[in-house]
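Trainee: I am attaching a structure below and will ask some questions about it afterwards.
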Amino acid sequence: MMNCEEIVGAVVGVDAAQLNDSSGRDNMMEWDSLAHINLIAAVEETYRVTFTIEEIQHIQTIGDLKAVLKHKDVHLATKV
């Protein structure tokens, strides 16, 4: 299963190796509103979860994404 960095990298077209928990909407021009919607859909499909509107709005960085997934008791693959 892909880790969060790999999913974000695939969705926004950035090398996953360059991403970390602080990578997000404020420091990646590729992570725009359309990419955000696509990212949410990809993560929901990958981890078989559903996000609330509040959770979707809260996710601004990879770290935020991981925190929301952990709150949903999702076991996350580690970054290689």
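Following the order of the structure tokens, chains are lettered A, B, ..., residues in each are numbered from 1, and ligands are numbered from 1.
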Please list as a PyMOL selection string every residue within 7 Å of region 56-70 of chain A, counting only C-alpha atoms and excluding residues in the same chain fewer than 5 positions away.
Mentor: chain A and resi 4+20-25+51+75
Trainee: Could you write out that same residue set with C-alpha atoms as a short mmCIF file (atom, residue, chain, number, x, y, z; two decimals), in the first residue's frame?
Mentor:
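Saved as result-v2.cif:
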```
data_model
loop_
_atom_site.label_atom_id
_atom_site.label_comp_id
_atom_site.auth_asym_id
_atom_site.auth_seq_id
_atom_site.Cartn_x
_atom_site.Cartn_y
_atom_site.Cartn_z
CA CYS A 4 0.88 9.33 2.35
CA ASN A 20 7.53 15.42 4.44
CA ASP A 21 4.92 16.10 7.12
CA SER A 22 5.17 19.86 6.64
CA SER A 23 4.60 19.68 2.87
CA GLY A 24 1.21 21.14 2.09
CA ARG A 25 -1.06 23.63 0.44
CA PHE A 51 -13.68 12.09 5.50
CA HIS A 75 -2.32 1.88 10.04
#
```
Trainee: Between CA of Met1 (chain A) and CA of Leu76 (chain A), what is the distance in Å, rounded to a tenth?
Mentor: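 Atom-to-atom, CA of Met1 (chain A) to CA of Leu76 (chain A), that is 8.9 Å.
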Trainee: My list of candidates is A:Asp26, A:Ala17, A:Thr52, A:Tyr47. Which is closest to Asp73 (chain A) when distances are computed with only C-alpha atoms?
Mentor: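 Among the listed residues, the smallest separation from Asp73 (chain A) belongs to A:Tyr47.
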Trainee: Near region 27-37 of chain A, counting only C-alpha atoms, which residues have an atom at most 8 Å away, once you skip same-chain residues fewer than 5 positions from it, shown as a ChimeraX atom specification?
Mentor: /A:11-14
